[in-house]
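One structure below.
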Amino acid sequence: MFKINENFLNLQDSYLFSTIAKKVAEFQKNNPDSKIIKLGIGDVTKPIIPAVIEAMHKAVDEMGTKEGFRGYGPEQGYDFLRNAIAENDYKNLGIAPDEIFVSDGAKCDCGNIVDIFDLNSKIAITDPVYPVYLDTNVMGGRSGKFNEETGMYENIVYMPVSNENNFVPELPKEHVDIIYLCFPNNPTGTVLNKEELKKFVDYAKENKALILFDAAYEAFITEKNIPRSIYEIDGAKEVAIEFRSFSKTAGFTGVRCAFAVVPKSLFGYTSKGEQVSINKLWNRRTTTKFNGVSYIVQRGAEAVYSEAGKKQIRENIEYYRENAKIIKEGLEEAGFTVYGGVNSPYIWLKVPKGLTSWEFFDSLLNKANVVGTPGSGFGPAGEGYFRLTAFGTKENSIEAIKRIKNCF
Ligand SMILES: *Cc1c(COP(=O)(O)O)cnc(C)c1O
């Protein structure tokens with residue numbers, strides 16, 4: 001009799017997106033003539049830019065020649081891409097190419113990284129949260145049981161963010177070993193400024209803790225004094241791993257390319273208190289369990305940093321930003337209290353008094369035929385909030401706002 005990893009039975013089924021799909025399908029069936037606008041999407045919609053397509057075409061052709069063929073590449077990524085990332089994304093931050101590990105996604109990186117940490121590590125997450133951070137630790141056995149009443153797992157430290165703390169998580173009151181931070185945040189669209197992020201870096205230093213910093217939405221930052229990388233904060237190279245992705249930046253959600261930055265000055269500890277290089281451990285894990293991202297995709301990612309690529313990417317991001325602005329300002333004119341949307345494609349709105357997130361979902365669908373995502377689906381502190389995204393078309397963003405203004 002073979003046994004399963006029973007930690008998986010401790011996972012809560014997420015009915016969030018399937019419930020949304022079911023409700024939308026039912027509404028459409030009963031109202032076949034209504035034109036539903038979906039602003040719940042967490043995926044980009046604009047096609048891949050020409051510079052990337054050209055580079056990938058060229059790489060495909062190379063693969064078909066005797067001289068240009070490539071088999072297994074370096075597990076950590078080709079030098080051409082690691083160099084381009086170091087030069088462009090970390091120019092003045094002193095990150096070396098061998099501190100960059102190219103991967104097929106930030107989601108996998110966030111999930112895989114826990115391989116190299118102790119099972120008894122105390123984990124802190126924000127609430128609401130990108131579910132990957134929490135669920136991968138539940139799978140690994142780092143959480144206690146799920147408490148139906150609170151909607152939280154035992155033995156996980158939740159740092160609630162809401163309008164009450166201006167969406168700035170408070171430092172954990174108890175000792176934690178690993179803190180997940182995602183800024184600009186999914187789902188709230190809010191950011192931390194340098195001073196606010198520095199408090200976490202200082203906490204990590206004092207407590208010999210680690211910060212896992214998800215910067216998947218870095219490209220959407222518009223304001224000054226908002227760190228694009230955690231390494232802009234003094235001392236972060238001793239306490240933080242950063243995850244980035246070409247998914248939201250360059251529309252790579254279906255192409256798949258991302259990277260993790262693991263500084264050589266970052267050390268973890270054995271139970272005896274000896275220091276161990278995290279860069280070395282992650283390198284060992286990567287070379288053992290991963291065989292690298294496709295050459296074609298890495299050439300595509302490299303082209304994101306070409307002059308033409310940078311310009312074309314900027315235009316796409318501008319397009320989503322414009323949508324975010326339309327949605328944010330339109331909702332405000334309609335009398336809603338709105339967060340995010342300035343440094344992020346996500347708009348996080350407070351649902352009208354007296355309604356739950358799901359009640360507002362139903363009301364928005366029925367009255368305005370607009371679909372979004374209930375905040376409570378991202379954690380108990382998301383109750384009373386609602387997420388709209390800027391990843392739709394400009395026309396739909398404008399039309400959705402027009403309808404919302406007429407209905408609310
Ligand atoms: C979209 C997203 C990512 C990117 O994941 P990939 O696997 O690189 O596509 C990472 N983190 C967050 C919070 C995201 O929303």
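Following the order of the structure tokens, chains are lettered A, B, ..., residues in each are numbered from 1, and ligands are numbered from 1.
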Enumerate the residues of stretch 218-330 of chain A with a DSSP assignment of strand (DSSP E), computed from the backbone, and present them as a list in words.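 So, restricting stretch 218-330 of chain A to strand (DSSP E), we get Ala240, Ile241, Glu242, Phe243, Arg244, Ser245, Ala258, Phe259, Ala260, Val261, Phe267, Gly268, Tyr269, Gln275, Val276 and Ser277 of chain A.
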Save the residues we just selected, C-alpha atoms, as a compact mmCIF listing (two decimals), in the first residue's frame?
```
# COMPACT_ATOMS: atom_id res chain seq x y z
CA ALA A 240 15.99 38.54 0.24
CA ILE A 241 15.30 36.48 -2.86
CA GLU A 242 13.50 38.31 -5.66
CA PHE A 243 11.19 36.77 -8.24
CA ARG A 244 10.46 38.40 -11.56
CA SER A 245 8.67 37.25 -14.66
CA ALA A 258 10.88 34.19 -15.51
CA PHE A 259 13.83 34.38 -13.14
CA ALA A 260 14.80 34.30 -9.50
CA VAL A 261 17.57 36.44 -8.04
CA PHE A 267 23.01 32.76 3.88
CA GLY A 268 20.68 30.39 5.65
CA TYR A 269 21.46 28.39 8.77
CA GLN A 275 25.88 29.48 7.58
CA VAL A 276 25.05 27.96 4.21
CA SER A 277 25.01 29.81 0.89
```
Non-local contacts of A:Phe27 (8 Å; only C-alpha atoms; under 4 positions in same chain excluded) as a PyMOL selection string: chain A and resi 23+31+365-366
Might you pull out every residue within 9 Å of A:Met63, with only C-alpha atoms counted and same-chain residues fewer than 6 positions away left off, and present them as a ChimeraX atom specification? /A:69-71,295-296
Can you write out the residues you just picked, keeping all heavy atoms, as a CSV table (one decimal), in the first residue's frame?
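Ended up saving to out.csv:
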```csv
chain,number,residue,atom,x,y,z
A,69,PHE,N,22.2,24.4,-34.0
A,69,PHE,CA,21.4,23.5,-33.1
A,69,PHE,C,21.9,23.6,-31.7
A,69,PHE,O,23.1,23.6,-31.4
A,69,PHE,CB,21.5,22.1,-33.7
A,69,PHE,CG,20.9,21.1,-32.7
A,69,PHE,CD1,19.5,21.0,-32.5
A,69,PHE,CD2,21.8,20.4,-31.8
A,69,PHE,CE1,19.0,20.2,-31.6
A,69,PHE,CE2,21.2,19.5,-30.9
A,69,PHE,CZ,19.9,19.4,-30.8
A,70,ARG,N,21.0,23.6,-30.8
A,70,ARG,CA,21.3,23.5,-29.3
A,70,ARG,C,20.5,22.4,-28.7
A,70,ARG,O,19.3,22.4,-28.9
A,70,ARG,CB,21.0,24.8,-28.6
A,70,ARG,CG,21.4,26.1,-29.4
A,70,ARG,CD,22.5,26.7,-28.6
A,70,ARG,NE,22.9,28.0,-29.3
A,70,ARG,CZ,23.5,29.0,-28.7
A,70,ARG,NH1,23.8,28.9,-27.4
A,70,ARG,NH2,23.9,30.0,-29.4
A,71,GLY,N,21.2,21.7,-27.9
A,71,GLY,CA,20.5,20.7,-27.1
A,71,GLY,C,20.2,21.2,-25.7
A,71,GLY,O,19.8,22.4,-25.5
A,295,TYR,N,15.8,27.3,-25.5
A,295,TYR,CA,16.7,28.3,-26.1
A,295,TYR,C,15.9,29.4,-26.9
A,295,TYR,O,16.1,30.6,-26.8
A,295,TYR,CB,17.6,27.6,-27.1
A,295,TYR,CG,18.5,28.5,-28.0
A,295,TYR,CD1,19.5,29.3,-27.4
A,295,TYR,CD2,18.2,28.7,-29.3
A,295,TYR,CE1,20.2,30.2,-28.2
A,295,TYR,CE2,19.0,29.5,-30.1
A,295,TYR,CZ,20.0,30.3,-29.5
A,295,TYR,OH,20.7,31.1,-30.3
A,296,ILE,N,14.8,28.9,-27.6
A,296,ILE,CA,14.0,29.8,-28.4
A,296,ILE,C,13.3,30.9,-27.5
A,296,ILE,O,13.3,32.1,-27.8
A,296,ILE,CB,12.9,29.0,-29.1
A,296,ILE,CG1,13.6,28.0,-30.1
A,296,ILE,CG2,11.9,29.9,-29.9
A,296,ILE,CD1,12.8,26.8,-30.5
```
Do you know which residues are within 10 Å of ligand 1 using only C-alpha atoms and all ligand atoms? Can you write them as a ChimeraX atom specification? /A:42-44,103-111,129-133,181-187,213-217,243-249,251-259,346
Selected residues written out with C-alpha atoms, as a PDB file, in the first residue's frame:
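After the write, selection_25.pdb holds the following:
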```
ATOM      1  CA  GLY A  42      -5.514  38.005 -14.404  1.00  0.00           C
ATOM      2  CA  ASP A  43      -3.925  37.324 -17.769  1.00  0.00           C
ATOM      3  CA  VAL A  44      -2.548  39.692 -20.385  1.00  0.00           C
ATOM      4  CA  SER A 103      13.065  29.600 -15.093  1.00  0.00           C
ATOM      5  CA  ASP A 104       9.775  28.805 -16.772  1.00  0.00           C
ATOM      6  CA  GLY A 105       7.713  30.878 -14.367  1.00  0.00           C
ATOM      7  CA  ALA A 106       7.599  32.864 -11.172  1.00  0.00           C
ATOM      8  CA  LYS A 107       4.715  30.720 -10.001  1.00  0.00           C
ATOM      9  CA  CYS A 108       6.911  27.597 -10.108  1.00  0.00           C
ATOM     10  CA  ASP A 109       9.819  29.496  -8.554  1.00  0.00           C
ATOM     11  CA  CYS A 110       7.664  30.674  -5.641  1.00  0.00           C
ATOM     12  CA  GLY A 111       6.449  27.130  -5.162  1.00  0.00           C
ATOM     13  CA  VAL A 129      -2.653  36.811  -0.856  1.00  0.00           C
ATOM     14  CA  TYR A 130      -1.579  35.220  -4.146  1.00  0.00           C
ATOM     15  CA  PRO A 131      -2.562  31.633  -3.235  1.00  0.00           C
ATOM     16  CA  VAL A 132       0.690  29.988  -4.389  1.00  0.00           C
ATOM     17  CA  TYR A 133       2.691  31.166  -1.353  1.00  0.00           C
ATOM     18  CA  LEU A 181       5.899  39.972   0.012  1.00  0.00           C
ATOM     19  CA  CYS A 182       4.413  40.823  -3.379  1.00  0.00           C
ATOM     20  CA  PHE A 183       4.628  44.451  -4.496  1.00  0.00           C
ATOM     21  CA  PRO A 184       3.042  45.891  -6.584  1.00  0.00           C
ATOM     22  CA  ASN A 185       0.529  43.564  -5.008  1.00  0.00           C
ATOM     23  CA  ASN A 186      -1.755  41.026  -6.549  1.00  0.00           C
ATOM     24  CA  PRO A 187      -4.676  41.277  -5.747  1.00  0.00           C
ATOM     25  CA  PHE A 213       9.907  39.222  -2.777  1.00  0.00           C
ATOM     26  CA  ASP A 214       7.601  38.744  -5.757  1.00  0.00           C
ATOM     27  CA  ALA A 215       8.112  41.641  -8.182  1.00  0.00           C
ATOM     28  CA  ALA A 216       6.044  40.231 -11.069  1.00  0.00           C
ATOM     29  CA  TYR A 217       4.360  43.609 -11.573  1.00  0.00           C
ATOM     30  CA  PHE A 243      11.186  36.771  -8.245  1.00  0.00           C
ATOM     31  CA  ARG A 244      10.459  38.397 -11.562  1.00  0.00           C
ATOM     32  CA  SER A 245       8.669  37.250 -14.655  1.00  0.00           C
ATOM     33  CA  PHE A 246       8.288  38.154 -18.303  1.00  0.00           C
ATOM     34  CA  SER A 247       4.623  37.149 -18.015  1.00  0.00           C
ATOM     35  CA  LYS A 248       3.004  40.471 -17.168  1.00  0.00           C
ATOM     36  CA  THR A 249       5.914  42.610 -18.394  1.00  0.00           C
ATOM     37  CA  GLY A 251       3.005  39.085 -22.334  1.00  0.00           C
ATOM     38  CA  PHE A 252       4.874  35.788 -21.756  1.00  0.00           C
ATOM     39  CA  THR A 253       2.052  34.074 -19.835  1.00  0.00           C
ATOM     40  CA  GLY A 254       1.843  31.486 -22.618  1.00  0.00           C
ATOM     41  CA  VAL A 255       5.515  31.601 -23.664  1.00  0.00           C
ATOM     42  CA  ARG A 256       6.868  30.976 -20.129  1.00  0.00           C
ATOM     43  CA  CYS A 257      10.002  32.700 -18.879  1.00  0.00           C
ATOM     44  CA  ALA A 258      10.883  34.194 -15.506  1.00  0.00           C
ATOM     45  CA  PHE A 259      13.826  34.384 -13.141  1.00  0.00           C
ATOM     46  CA  TYR A 346      -5.216  45.742 -10.508  1.00  0.00           C
TER      47      TYR A 346
END
```
What lies within 12 Å of A:Met152 using only C-alpha atoms, ignoring chain neighbours under 2 positions off, as a ChimeraX atom specification? /A:10-12,125-129,134-135,138,143-150,154-160,378-381
What are the DSSP helix (DSSP H, G or I) residues of stretch 310-388 of chain A, as a ChimeraX atom specification? /A:310-333,357-368,375-378,380-382
Extract, using only C-alpha atoms, all DNA, RNA and protein residues at most 7 Å from A:Gly309, discarding same-chain residues fewer than 6 positions from it, and format them as a ChimeraX atom specification. /A:51-52,303
Find the spatial neighbours of A:Gly340, counting only C-alpha atoms, within a cut-off of 10 Å - ignore same-chain residues fewer than 3 positions away - and output them as a ChimeraX atom specification. /A:167,184-191,324-325,328,343-349,387
Could the residues in this selection be written to a file with N, CA and C atoms, as a short mmCIF file (atom, residue, chain, number, x, y, z; two decimals), in the first residue's frame?
```cif
data_model
loop_
_atom_site.label_atom_id
_atom_site.label_comp_id
_atom_site.auth_asym_id
_atom_site.auth_seq_id
_atom_site.Cartn_x
_atom_site.Cartn_y
_atom_site.Cartn_z
N PHE A 167 -3.06 49.40 3.54
CA PHE A 167 -2.50 48.29 2.76
C PHE A 167 -1.00 48.12 2.96
N PRO A 184 4.46 45.58 -6.68
CA PRO A 184 3.04 45.89 -6.58
C PRO A 184 2.23 44.61 -6.36
N ASN A 185 1.21 44.74 -5.52
CA ASN A 185 0.53 43.56 -5.01
C ASN A 185 -0.55 43.03 -5.94
N ASN A 186 -0.60 41.72 -6.03
CA ASN A 186 -1.75 41.03 -6.55
C ASN A 186 -2.39 40.36 -5.34
N PRO A 187 -3.61 40.63 -4.97
CA PRO A 187 -4.68 41.28 -5.75
C PRO A 187 -4.94 42.76 -5.50
N THR A 188 -4.31 43.41 -4.52
CA THR A 188 -4.80 44.74 -4.12
C THR A 188 -4.30 45.88 -5.00
N GLY A 189 -3.25 45.63 -5.80
CA GLY A 189 -2.72 46.68 -6.67
C GLY A 189 -1.96 47.76 -5.92
N THR A 190 -1.77 47.57 -4.62
CA THR A 190 -1.09 48.60 -3.81
C THR A 190 0.42 48.33 -3.76
N VAL A 191 1.16 49.34 -3.30
CA VAL A 191 2.63 49.23 -3.27
C VAL A 191 3.17 49.60 -1.88
N ALA A 324 -6.27 51.01 -16.60
CA ALA A 324 -6.32 51.09 -15.14
C ALA A 324 -6.81 52.47 -14.71
N LYS A 325 -6.32 53.49 -15.41
CA LYS A 325 -6.70 54.86 -15.09
C LYS A 325 -8.19 55.09 -15.36
N LYS A 328 -10.12 53.15 -12.62
CA LYS A 328 -9.96 53.77 -11.29
C LYS A 328 -10.73 55.09 -11.21
N ASN A 343 0.15 51.96 -9.80
CA ASN A 343 1.40 51.26 -10.07
C ASN A 343 1.12 49.79 -10.39
N SER A 344 -0.06 49.53 -10.88
CA SER A 344 -0.50 48.15 -11.00
C SER A 344 -1.67 48.03 -11.97
N PRO A 345 -1.80 46.87 -12.62
CA PRO A 345 -2.99 46.65 -13.47
C PRO A 345 -4.22 46.26 -12.67
N TYR A 346 -4.09 46.17 -11.34
CA TYR A 346 -5.22 45.74 -10.51
C TYR A 346 -5.86 46.91 -9.77
N ILE A 347 -7.18 46.92 -9.79
CA ILE A 347 -7.95 47.92 -9.07
C ILE A 347 -8.73 47.18 -7.99
N TRP A 348 -8.59 47.65 -6.77
CA TRP A 348 -9.17 46.98 -5.60
C TRP A 348 -10.19 47.95 -5.01
N LEU A 349 -11.44 47.62 -5.15
CA LEU A 349 -12.43 48.58 -4.69
C LEU A 349 -13.17 48.07 -3.47
N ARG A 387 -11.88 42.87 -6.94
CA ARG A 387 -10.77 43.17 -7.86
C ARG A 387 -11.25 43.29 -9.31
#
```
Measure the distance from atom CA of A:Asn369 to atom CA of A:Val24 in Å and round it to one decimal.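 These two atoms are separated by 9.1 Å.
Checking A:Glu206, A:Glu67, A:Glu322, A:Glu315 one by one against A:Ser397, counting only C-alpha atoms, you find the shortest gap at A:Glu322.
Taking atom CA of A:Pro47 and atom CA of A:Asn323 as the two end points, the separation is 16.4 Å.
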Residues within 9 Å of A:Arg142, please, as an NGL selection string. Count only C-alpha atoms; anything in the same chain fewer than 6 positions from it doesn't count. :A and (7 or 118-123 or 136 or 155-156)
Grab the residues selected above and save them as a PDB file, in the first residue's frame with C-alpha atoms.
```pdb
ATOM      1  CA  ASN A   7      -0.634  17.442   3.609  1.00  0.00           C
ATOM      2  CA  ASP A 118      13.414  23.610   6.918  1.00  0.00           C
ATOM      3  CA  LEU A 119      10.006  21.990   7.392  1.00  0.00           C
ATOM      4  CA  ASN A 120       9.560  23.796  10.685  1.00  0.00           C
ATOM      5  CA  SER A 121      10.068  27.250   9.194  1.00  0.00           C
ATOM      6  CA  LYS A 122       7.479  29.731  10.397  1.00  0.00           C
ATOM      7  CA  ILE A 123       5.824  31.353   7.379  1.00  0.00           C
ATOM      8  CA  THR A 136       2.799  25.331  -1.456  1.00  0.00           C
ATOM      9  CA  ASN A 155       0.757  27.946  12.383  1.00  0.00           C
ATOM     10  CA  ILE A 156       0.818  30.444   9.502  1.00  0.00           C
TER      11      ILE A 156
END
```
Using only C-alpha atoms: which of A:Pro97, A:Gly384, A:Gly40, A:Gly341 has the shortest distance to A:Phe220: A:Gly341
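Residue nearest A:Glu99 within the list A:Ser162, A:Ser265, A:Asn112, A:Asn5: A:Ser265 [criterion: smallest interatomic distance, only C-alpha atoms].
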Using only C-alpha atoms, can you tell me which of A:Lys280, A:Lys3, A:Lys405, A:Lys353 comes closest to A:Glu333? A:Lys405
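We find atom CA of A:Thr270 and atom CA of A:Ala96 to be spaced 25.7 Å apart.
Among the candidates A:Gly372, A:Pro74, A:Gly235, A:Pro169, the residue lying nearest to A:Asn283 is A:Pro74 (atoms considered: only C-alpha atoms).
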For A:Gly354, which residue out of A:Glu302, A:Glu218, A:Glu383, A:Glu196 is the nearest one, using only C-alpha atoms?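 Smallest separation from A:Gly354 among the options: A:Glu383.
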